[in-house]
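Printed here is upload18.pdb (PDB, C-alpha atoms, pLDDT in the B column):
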```pdb
MODEL        1
ATOM      1  CA  MET A  24      -1.955 -21.201 -33.768  1.00 41.00           C
ATOM      2  CA  PRO A  25      -3.970 -23.795 -35.745  1.00 46.00           C
ATOM      3  CA  PRO A  26      -4.245 -27.304 -34.286  1.00 51.00           C
ATOM      4  CA  ALA A  27      -1.606 -29.764 -35.433  1.00 56.00           C
ATOM      5  CA  SER A  28      -2.637 -32.309 -38.044  1.00 63.00           C
ATOM      6  CA  THR A  29      -2.938 -35.978 -37.111  1.00 67.00           C
ATOM      7  CA  GLU A  30       0.167 -36.694 -39.199  1.00 70.00           C
ATOM      8  CA  ALA A  31       2.162 -34.027 -37.360  1.00 66.00           C
ATOM      9  CA  VAL A  32       1.045 -35.318 -33.955  1.00 61.00           C
ATOM     10  CA  ASN A  33       1.948 -38.893 -34.899  1.00 72.00           C
ATOM     11  CA  ASP A  34       5.344 -37.723 -36.145  1.00 74.00           C
ATOM     12  CA  ARG A  35       6.048 -35.934 -32.874  1.00 70.00           C
ATOM     13  CA  GLN A  36       5.018 -38.934 -30.807  1.00 72.00           C
ATOM     14  CA  ALA A  37       7.239 -41.216 -32.864  1.00 75.00           C
ATOM     15  CA  LEU A  38      10.108 -38.734 -32.630  1.00 71.00           C
ATOM     16  CA  ALA A  39       9.698 -38.493 -28.856  1.00 69.00           C
ATOM     17  CA  ARG A  40       9.884 -42.274 -28.506  1.00 71.00           C
ATOM     18  CA  GLN A  41      12.921 -42.412 -30.808  1.00 71.00           C
ATOM     19  CA  ILE A  42      14.741 -39.792 -28.735  1.00 66.00           C
ATOM     20  CA  LEU A  43      13.973 -41.394 -25.383  1.00 65.00           C
ATOM     21  CA  ASP A  44      14.178 -45.082 -26.291  1.00 66.00           C
ATOM     22  CA  VAL A  45      16.898 -45.186 -28.940  1.00 62.00           C
ATOM     23  CA  CYS A  46      19.043 -42.074 -28.701  1.00 63.00           C
ATOM     24  CA  LEU A  47      19.093 -41.482 -24.953  1.00 57.00           C
ATOM     25  CA  ASN A  48      17.859 -44.800 -23.555  1.00 56.00           C
ATOM     26  CA  VAL A  49      15.742 -43.016 -20.961  1.00 53.00           C
ATOM     27  CA  LYS A  50      13.692 -45.594 -19.063  1.00 48.00           C
ATOM     28  CA  SER A  51      12.312 -43.675 -16.263  1.00 43.00           C
ATOM     29  CA  SER A  52       4.777 -31.051 -25.754  1.00 58.00           C
ATOM     30  CA  GLN A  53       4.738 -34.960 -26.828  1.00 66.00           C
ATOM     31  CA  LEU A  54       8.357 -35.110 -25.786  1.00 70.00           C
ATOM     32  CA  ALA A  55       7.628 -33.646 -22.360  1.00 73.00           C
ATOM     33  CA  TRP A  56       4.607 -35.919 -21.965  1.00 76.00           C
ATOM     34  CA  GLU A  57       6.596 -39.016 -22.909  1.00 78.00           C
ATOM     35  CA  CYS A  58       9.162 -37.965 -20.299  1.00 79.00           C
ATOM     36  CA  ARG A  59       6.477 -37.416 -17.672  1.00 80.00           C
ATOM     37  CA  LYS A  60       4.904 -40.809 -18.392  1.00 82.00           C
ATOM     38  CA  ARG A  61       8.287 -42.389 -17.622  1.00 81.00           C
ATOM     39  CA  GLY A  62       8.475 -40.658 -14.276  1.00 82.00           C
ATOM     40  CA  CYS A  63      10.996 -37.999 -15.288  1.00 81.00           C
ATOM     41  CA  GLU A  64      10.896 -34.534 -13.774  1.00 83.00           C
ATOM     42  CA  ILE A  65      10.748 -31.881 -16.495  1.00 83.00           C
ATOM     43  CA  LEU A  66      12.089 -28.364 -16.791  1.00 84.00           C
ATOM     44  CA  THR A  67      11.118 -26.669 -20.048  1.00 80.00           C
ATOM     45  CA  THR A  68      12.844 -23.484 -21.147  1.00 82.00           C
ATOM     46  CA  ILE A  69      12.063 -21.378 -24.201  1.00 78.00           C
ATOM     47  CA  GLN A  70      14.383 -19.011 -26.031  1.00 82.00           C
ATOM     48  CA  GLN A  71      12.201 -16.384 -27.689  1.00 85.00           C
ATOM     49  CA  GLU A  72      13.509 -15.739 -31.173  1.00 88.00           C
ATOM     50  CA  ASP A  73      13.073 -11.968 -31.108  1.00 90.00           C
ATOM     51  CA  LEU A  74      14.886 -11.739 -27.771  1.00 91.00           C
ATOM     52  CA  TRP A  75      17.627 -14.055 -29.026  1.00 91.00           C
ATOM     53  CA  LEU A  76      18.209 -11.967 -32.141  1.00 93.00           C
ATOM     54  CA  ARG A  77      18.168  -8.655 -30.292  1.00 94.00           C
ATOM     55  CA  SER A  78      20.615 -10.052 -27.743  1.00 93.00           C
ATOM     56  CA  ILE A  79      22.946 -11.112 -30.532  1.00 93.00           C
ATOM     57  CA  ILE A  80      22.783  -7.625 -32.037  1.00 94.00           C
ATOM     58  CA  GLU A  81      22.770  -5.399 -28.952  1.00 94.00           C
ATOM     59  CA  ALA A  82      23.508  -7.165 -25.654  1.00 94.00           C
ATOM     60  CA  PRO A  83      26.902  -6.631 -23.984  1.00 93.00           C
ATOM     61  CA  PHE A  84      29.281  -9.289 -25.221  1.00 89.00           C
ATOM     62  CA  GLU A  85      30.260 -10.201 -21.660  1.00 89.00           C
ATOM     63  CA  SER A  86      26.678 -11.131 -20.795  1.00 89.00           C
ATOM     64  CA  LEU A  87      26.535 -13.568 -23.702  1.00 89.00           C
ATOM     65  CA  ASP A  88      29.950 -15.064 -23.016  1.00 89.00           C
ATOM     66  CA  ARG A  89      29.141 -16.357 -19.541  1.00 90.00           C
ATOM     67  CA  LEU A  90      26.887 -19.174 -18.406  1.00 91.00           C
ATOM     68  CA  PRO A  91      24.139 -17.631 -16.229  1.00 91.00           C
ATOM     69  CA  LYS A  92      23.872 -18.833 -12.633  1.00 93.00           C
ATOM     70  CA  HIS A  93      20.351 -20.172 -13.072  1.00 91.00           C
ATOM     71  CA  MET A  94      21.530 -22.312 -15.990  1.00 91.00           C
ATOM     72  CA  VAL A  95      24.453 -23.572 -13.928  1.00 93.00           C
ATOM     73  CA  ALA A  96      22.108 -24.553 -11.098  1.00 93.00           C
ATOM     74  CA  ALA A  97      19.712 -26.335 -13.446  1.00 91.00           C
ATOM     75  CA  LEU A  98      22.447 -28.132 -15.367  1.00 92.00           C
ATOM     76  CA  GLU A  99      24.044 -29.461 -12.192  1.00 93.00           C
ATOM     77  CA  LYS A 100      20.748 -31.223 -11.395  1.00 90.00           C
ATOM     78  CA  THR A 101      20.082 -32.452 -14.937  1.00 91.00           C
ATOM     79  CA  ASP A 102      20.379 -36.002 -16.272  1.00 89.00           C
ATOM     80  CA  VAL A 103      19.279 -35.409 -19.868  1.00 89.00           C
ATOM     81  CA  TYR A 104      19.266 -32.174 -21.870  1.00 90.00           C
ATOM     82  CA  ILE A 105      17.220 -32.142 -25.081  1.00 87.00           C
ATOM     83  CA  TYR A 106      17.128 -29.059 -27.252  1.00 85.00           C
ATOM     84  CA  THR A 107      15.433 -28.196 -30.509  1.00 84.00           C
ATOM     85  CA  LEU A 108      17.310 -26.226 -33.130  1.00 85.00           C
ATOM     86  CA  GLY A 109      16.101 -22.976 -34.607  1.00 84.00           C
ATOM     87  CA  PRO A 110      15.329 -20.280 -35.436  1.00 88.00           C
ATOM     88  CA  SER A 111      12.094 -20.803 -37.337  1.00 86.00           C
ATOM     89  CA  ARG A 112      13.124 -18.195 -39.911  1.00 89.00           C
ATOM     90  CA  PRO A 113      16.451 -17.643 -41.683  1.00 91.00           C
ATOM     91  CA  VAL A 114      18.968 -15.662 -39.652  1.00 92.00           C
ATOM     92  CA  PRO A 115      18.970 -12.028 -40.893  1.00 93.00           C
ATOM     93  CA  TRP A 116      22.733 -11.809 -41.221  1.00 94.00           C
ATOM     94  CA  ASP A 117      22.549  -8.341 -42.762  1.00 94.00           C
ATOM     95  CA  LYS A 118      21.158  -6.980 -39.486  1.00 94.00           C
ATOM     96  CA  ILE A 119      23.922  -8.471 -37.334  1.00 95.00           C
ATOM     97  CA  PRO A 120      27.203  -6.534 -37.076  1.00 94.00           C
ATOM     98  CA  LYS A 121      30.019  -8.506 -38.644  1.00 93.00           C
ATOM     99  CA  GLU A 122      32.022  -8.656 -35.429  1.00 91.00           C
ATOM    100  CA  ARG A 123      29.061 -10.213 -33.583  1.00 92.00           C
ATOM    101  CA  ARG A 124      28.017 -12.859 -36.088  1.00 90.00           C
ATOM    102  CA  LYS A 125      30.015 -15.585 -34.379  1.00 88.00           C
ATOM    103  CA  LEU A 126      27.613 -15.264 -31.434  1.00 89.00           C
ATOM    104  CA  VAL A 127      24.927 -16.895 -33.577  1.00 89.00           C
ATOM    105  CA  THR A 128      26.913 -20.123 -33.648  1.00 84.00           C
ATOM    106  CA  ARG A 129      28.512 -19.981 -30.215  1.00 80.00           C
ATOM    107  CA  TRP A 130      27.370 -23.546 -29.539  1.00 76.00           C
ATOM    108  CA  PHE A 131      29.495 -24.781 -32.428  1.00 72.00           C
ATOM    109  CA  LEU A 132      32.446 -22.436 -31.980  1.00 68.00           C
ATOM    110  CA  GLU A 133      33.623 -23.856 -28.693  1.00 67.00           C
ATOM    111  CA  ASP A 134      36.278 -21.238 -27.972  1.00 78.00           C
ATOM    112  CA  ASN A 135      34.081 -19.201 -25.640  1.00 87.00           C
ATOM    113  CA  ASN A 136      33.435 -19.161 -21.911  1.00 91.00           C
ATOM    114  CA  PHE A 137      29.747 -20.039 -22.244  1.00 90.00           C
ATOM    115  CA  VAL A 138      30.399 -23.377 -23.947  1.00 89.00           C
ATOM    116  CA  LYS A 139      33.493 -24.154 -21.877  1.00 91.00           C
ATOM    117  CA  ALA A 140      31.525 -23.734 -18.639  1.00 93.00           C
ATOM    118  CA  TRP A 141      28.596 -25.731 -20.021  1.00 91.00           C
ATOM    119  CA  LYS A 142      30.821 -28.619 -21.113  1.00 91.00           C
ATOM    120  CA  LYS A 143      32.670 -28.694 -17.801  1.00 93.00           C
ATOM    121  CA  ILE A 144      29.460 -28.990 -15.780  1.00 93.00           C
ATOM    122  CA  ALA A 145      27.827 -31.422 -18.205  1.00 92.00           C
ATOM    123  CA  LYS A 146      30.868 -33.692 -18.137  1.00 92.00           C
ATOM    124  CA  ALA A 147      31.143 -33.603 -14.350  1.00 93.00           C
ATOM    125  CA  SER A 148      27.427 -34.322 -13.931  1.00 90.00           C
ATOM    126  CA  GLY A 149      27.230 -36.934 -16.688  1.00 91.00           C
ATOM    127  CA  VAL A 150      24.565 -35.024 -18.610  1.00 91.00           C
ATOM    128  CA  ARG A 151      23.413 -36.699 -21.816  1.00 88.00           C
ATOM    129  CA  MET A 152      22.639 -34.155 -24.529  1.00 86.00           C
ATOM    130  CA  LEU A 153      20.715 -34.371 -27.774  1.00 84.00           C
ATOM    131  CA  GLY A 154      19.840 -31.748 -30.377  1.00 84.00           C
ATOM    132  CA  ILE A 155      16.798 -32.197 -32.618  1.00 85.00           C
ATOM    133  CA  GLU A 156      17.505 -30.859 -36.106  1.00 85.00           C
ATOM    134  CA  ALA A 157      14.065 -31.703 -37.495  1.00 84.00           C
ATOM    135  CA  THR A 158      12.759 -28.465 -35.999  1.00 85.00           C
ATOM    136  CA  LEU A 159      14.848 -26.499 -38.502  1.00 88.00           C
ATOM    137  CA  ALA A 160      12.342 -27.454 -41.200  1.00 91.00           C
ATOM    138  CA  THR A 161       9.753 -24.694 -40.966  1.00 91.00           C
ATOM    139  CA  PRO A 162       7.446 -23.160 -43.582  1.00 92.00           C
ATOM    140  CA  GLY A 163       9.174 -19.779 -43.303  1.00 91.00           C
ATOM    141  CA  THR A 164      12.671 -21.127 -43.815  1.00 92.00           C
ATOM    142  CA  ALA A 165      11.535 -23.455 -46.592  1.00 94.00           C
ATOM    143  CA  LYS A 166       9.981 -20.531 -48.458  1.00 94.00           C
ATOM    144  CA  ALA A 167      13.104 -18.405 -48.054  1.00 92.00           C
ATOM    145  CA  LEU A 168      15.320 -21.226 -49.317  1.00 91.00           C
ATOM    146  CA  GLY A 169      13.021 -22.224 -52.165  1.00 93.00           C
ATOM    147  CA  LEU A 170      12.390 -25.693 -50.726  1.00 93.00           C
ATOM    148  CA  ASP A 171       9.283 -27.841 -50.713  1.00 94.00           C
ATOM    149  CA  TYR A 172       8.357 -27.636 -47.038  1.00 94.00           C
ATOM    150  CA  GLN A 173       6.569 -30.994 -46.788  1.00 94.00           C
ATOM    151  CA  ALA A 174       9.380 -32.836 -48.571  1.00 93.00           C
ATOM    152  CA  TRP A 175      12.029 -31.151 -46.425  1.00 93.00           C
ATOM    153  CA  ARG A 176      10.074 -31.896 -43.267  1.00 91.00           C
ATOM    154  CA  ARG A 177       9.770 -35.584 -44.185  1.00 91.00           C
ATOM    155  CA  ILE A 178      13.506 -35.818 -44.865  1.00 91.00           C
ATOM    156  CA  MET A 179      14.449 -34.121 -41.595  1.00 91.00           C
ATOM    157  CA  PHE A 180      12.137 -36.312 -39.536  1.00 88.00           C
ATOM    158  CA  ALA A 181      13.320 -39.433 -41.346  1.00 89.00           C
ATOM    159  CA  GLY A 182      16.886 -38.515 -40.440  1.00 87.00           C
ATOM    160  CA  CYS A 183      15.925 -38.306 -36.777  1.00 84.00           C
ATOM    161  CA  MET A 184      14.258 -41.707 -36.881  1.00 86.00           C
ATOM    162  CA  VAL A 185      17.160 -43.790 -38.194  1.00 86.00           C
ATOM    163  CA  ASP A 186      18.867 -46.435 -36.092  1.00 87.00           C
ATOM    164  CA  TYR A 187      21.892 -44.456 -35.002  1.00 82.00           C
ATOM    165  CA  HIS A 188      23.646 -47.598 -33.751  1.00 87.00           C
ATOM    166  CA  ALA A 189      23.624 -48.883 -37.344  1.00 90.00           C
ATOM    167  CA  VAL A 190      24.789 -45.487 -38.598  1.00 89.00           C
ATOM    168  CA  ALA A 191      27.654 -45.527 -36.091  1.00 90.00           C
ATOM    169  CA  GLU A 192      28.726 -48.965 -37.298  1.00 92.00           C
ATOM    170  CA  GLN A 193      28.728 -47.777 -40.909  1.00 91.00           C
ATOM    171  CA  ALA A 194      30.702 -44.697 -39.872  1.00 89.00           C
ATOM    172  CA  ARG A 195      33.327 -46.872 -38.194  1.00 90.00           C
ATOM    173  CA  ARG A 196      33.753 -48.875 -41.385  1.00 90.00           C
ATOM    174  CA  LEU A 197      33.984 -45.715 -43.485  1.00 86.00           C
ATOM    175  CA  ALA A 198      36.499 -44.191 -41.074  1.00 85.00           C
ATOM    176  CA  LYS A 199      38.932 -46.990 -41.867  1.00 83.00           C
ATOM    177  CA  ILE A 200      38.615 -46.171 -45.554  1.00 83.00           C
ATOM    178  CA  VAL A 201      38.744 -42.382 -45.471  1.00 81.00           C
ATOM    179  CA  GLY A 202      41.694 -42.487 -43.098  1.00 81.00           C
ATOM    180  CA  ARG A 203      43.823 -43.887 -45.917  1.00 83.00           C
ATOM    181  CA  LYS A 204      45.464 -42.170 -48.867  1.00 83.00           C
ATOM    182  CA  GLY A 205      44.021 -41.892 -52.362  1.00 86.00           C
ATOM    183  CA  ILE A 206      41.244 -40.374 -54.470  1.00 88.00           C
ATOM    184  CA  VAL A 207      37.550 -40.763 -53.634  1.00 87.00           C
ATOM    185  CA  HIS A 208      34.919 -40.489 -56.362  1.00 91.00           C
ATOM    186  CA  ILE A 209      31.273 -40.318 -55.268  1.00 90.00           C
ATOM    187  CA  THR A 210      28.342 -40.489 -57.689  1.00 93.00           C
ATOM    188  CA  THR A 211      24.590 -40.934 -57.257  1.00 89.00           C
ATOM    189  CA  PRO A 212      21.657 -41.452 -59.646  1.00 88.00           C
ATOM    190  CA  HIS A 213      20.564 -37.900 -58.804  1.00 82.00           C
ATOM    191  CA  GLY A 214      23.609 -36.366 -60.469  1.00 88.00           C
ATOM    192  CA  THR A 215      26.166 -36.104 -57.676  1.00 89.00           C
ATOM    193  CA  ASP A 216      29.688 -36.351 -59.081  1.00 93.00           C
ATOM    194  CA  PHE A 217      32.201 -35.471 -56.396  1.00 91.00           C
ATOM    195  CA  ARG A 218      35.926 -36.179 -56.110  1.00 91.00           C
ATOM    196  CA  PHE A 219      38.318 -35.467 -53.273  1.00 88.00           C
ATOM    197  CA  ARG A 220      41.757 -36.530 -52.133  1.00 86.00           C
ATOM    198  CA  LEU A 221      42.501 -38.499 -48.965  1.00 84.00           C
ATOM    199  CA  ASP A 222      45.694 -37.736 -47.109  1.00 77.00           C
ATOM    200  CA  ARG A 223      45.785 -40.183 -44.189  1.00 68.00           C
ATOM    201  CA  ARG A 224      44.188 -37.722 -41.833  1.00 67.00           C
ATOM    202  CA  PRO A 225      42.818 -39.120 -38.563  1.00 64.00           C
ATOM    203  CA  VAL A 226      39.062 -39.701 -38.675  1.00 58.00           C
TER     204      VAL A 226
ENDMDL
END
```
Could you spell out this file's structure in C-alpha cells?
Amino acid sequence: MPPASTEAVNDRQALARQILDVCLNVKSSQLAWECRKRGCEILTTIQQEDLWLRSIIEAPFESLDRLPKHMVAALEKTDVYIYTLGPSRPVPWDKIPKERRKLVTRWFLEDNNFVKAWKKIAKASGVRMLGIEATLATPGTAKALGLDYQAWRRIMFAGCMVDYHAVAEQARRLAKIVGRKGIVHITTPHGTDFRFRLDRRPV
C-alpha cells in the first residue's frame, strides 16, 4: 500500500480530533493514536471484506443473527465504540441471494437478534457509539458510481467536520416546521426543484 499523502494524513488527524473532542467528548491509525495519547485503552477489530461478503452469501443464518460471546464480553467493558463504514467497493448485489440481502444492512434493520442484543448491552453499559461515513468514499466505489473521487472525499470529510451541535439546533428548528401541515417547495442554484406534502407527522 503506498504511503498516505500529507493531505490525507492531516485530514485523518483532524477527523480524529473532531470525533474525540466534538462528537464524543472523550477527554481521557491516527484515531487510535489520538485515543492512546489521551490515556484510553484501545481494542481494534477488523472485518475483512471478503470474509464479510462470503458470510453474507453462505454462512448459516443463525450464526449471523446472534451476537458472538467475544463481542458481548468486549462491549460490556467498552466506553466508546467507533466504527468506520464500508465496504470499499460497491456491494455485489447480484451475487447475494435475494432472501439474504437484508443481512447486508442488519445494522439498520433493527428487527434482528444481533442488533437487539447489541443495543441492550450498549444501553446498559452506557456505550457511546459513532459511525464514520467518510470511509465510504473510496476510489473503487467512486469509479463504479461515476463520481469524482477527490471531490466526493472532500465532501464526505467536510460533513464529518461540521459542528454537530449547530446542526442539531437547526434540526430542532426545522422539526417544528416540518411537523406542520402544508406544501414544501425546495430549490437550489444547482437545479434542485423538489416539492412534498406535510401531514403533521411527528418529527
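Between CA of Asn136 (chain A) and CA of Asp88 (chain A) the separation is 5.5 Å.
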Shell of 6 Å around Val103 (chain A), only C-alpha atoms, local chain residues under 3 positions omitted, as a list in words
Val150, Arg151 and Met152 of chain A
Output of the PyMOL selection byres ((chain A and resi 89) around 9), listed as a ChimeraX atom specification
/A:85-88,90-91,135-138,140
Separating CA of Tyr172 (chain A) from CA of Thr158 (chain A), to the nearest tenth of an Å, is a gap of 11.9 Å
Given the file above and the PyMOL selection byres ((chain A and resi 114) around 12), which residues are selected, and can you give them as a PDB file with C-alpha atoms, in the frame of the given file?
```pdb
ATOM      1  CA  GLU A  72      13.509 -15.739 -31.173  1.00 88.00           C
ATOM      2  CA  ASP A  73      13.073 -11.968 -31.108  1.00 90.00           C
ATOM      3  CA  TRP A  75      17.627 -14.055 -29.026  1.00 91.00           C
ATOM      4  CA  LEU A  76      18.209 -11.967 -32.141  1.00 93.00           C
ATOM      5  CA  ARG A  77      18.168  -8.655 -30.292  1.00 94.00           C
ATOM      6  CA  ILE A  79      22.946 -11.112 -30.532  1.00 93.00           C
ATOM      7  CA  ILE A  80      22.783  -7.625 -32.037  1.00 94.00           C
ATOM      8  CA  GLY A 109      16.101 -22.976 -34.607  1.00 84.00           C
ATOM      9  CA  PRO A 110      15.329 -20.280 -35.436  1.00 88.00           C
ATOM     10  CA  SER A 111      12.094 -20.803 -37.337  1.00 86.00           C
ATOM     11  CA  ARG A 112      13.124 -18.195 -39.911  1.00 89.00           C
ATOM     12  CA  PRO A 113      16.451 -17.643 -41.683  1.00 91.00           C
ATOM     13  CA  PRO A 115      18.970 -12.028 -40.893  1.00 93.00           C
ATOM     14  CA  TRP A 116      22.733 -11.809 -41.221  1.00 94.00           C
ATOM     15  CA  ASP A 117      22.549  -8.341 -42.762  1.00 94.00           C
ATOM     16  CA  LYS A 118      21.158  -6.980 -39.486  1.00 94.00           C
ATOM     17  CA  ILE A 119      23.922  -8.471 -37.334  1.00 95.00           C
ATOM     18  CA  ARG A 124      28.017 -12.859 -36.088  1.00 90.00           C
ATOM     19  CA  LEU A 126      27.613 -15.264 -31.434  1.00 89.00           C
ATOM     20  CA  VAL A 127      24.927 -16.895 -33.577  1.00 89.00           C
ATOM     21  CA  THR A 128      26.913 -20.123 -33.648  1.00 84.00           C
ATOM     22  CA  LEU A 159      14.848 -26.499 -38.502  1.00 88.00           C
ATOM     23  CA  GLY A 163       9.174 -19.779 -43.303  1.00 91.00           C
ATOM     24  CA  THR A 164      12.671 -21.127 -43.815  1.00 92.00           C
ATOM     25  CA  ALA A 167      13.104 -18.405 -48.054  1.00 92.00           C
ATOM     26  CA  LEU A 168      15.320 -21.226 -49.317  1.00 91.00           C
TER      27      LEU A 168
END
```
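By all atoms listed in the file, and with residues fewer than 4 positions from Ile206 (chain A) along its chain excluded, the set lying at most 8 Å from it is Arg218, Phe219, Arg220 and Leu221 of chain A.
Between CA of His213 (chain A) and CA of Ile200 (chain A) the separation is 23.9 Å.
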Measuring between all atoms listed in the file, which one of A:Glu64, A:Glu99, A:Asp186, A:Glu122 shows the shortest distance to Glu81 (chain A)?
A:Glu122
Which residues, named as in the file, does the PyMOL selection byres ((chain A and resi 176) around 9) pick out? Answer as an MDAnalysis selection string.
chainID A and resid 157:161 171:175 177:181
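For the choices A:Pro83, A:Pro162, A:Gly149, A:Gly169, the atom-to-atom distance to Lys100 (chain A) is smallest for A:Gly149 when using only C-alpha atoms.
Counting only C-alpha atoms and comparing A:Val95, A:Ala147, A:Ala55, A:Ile155, the residue that lies closest to Met184 (chain A) is A:Ile155.
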Find the smallest box with edges along x, y and z containing every listed atom of region 92-100 of chain A, then add 8 Å on each side and report centre and edge lengths in Å to one decimal, as JSON.
```
{"center_x": 22.1, "center_y": -25.0, "center_z": -13.5, "size_x": 20.7, "size_y": 28.4, "size_z": 20.9}
```
Taking all atoms listed in the file into account, which of A:Asp216, A:Leu153, A:Trp141, A:Arg123 comes nearest Lys92 (chain A)?
A:Trp141
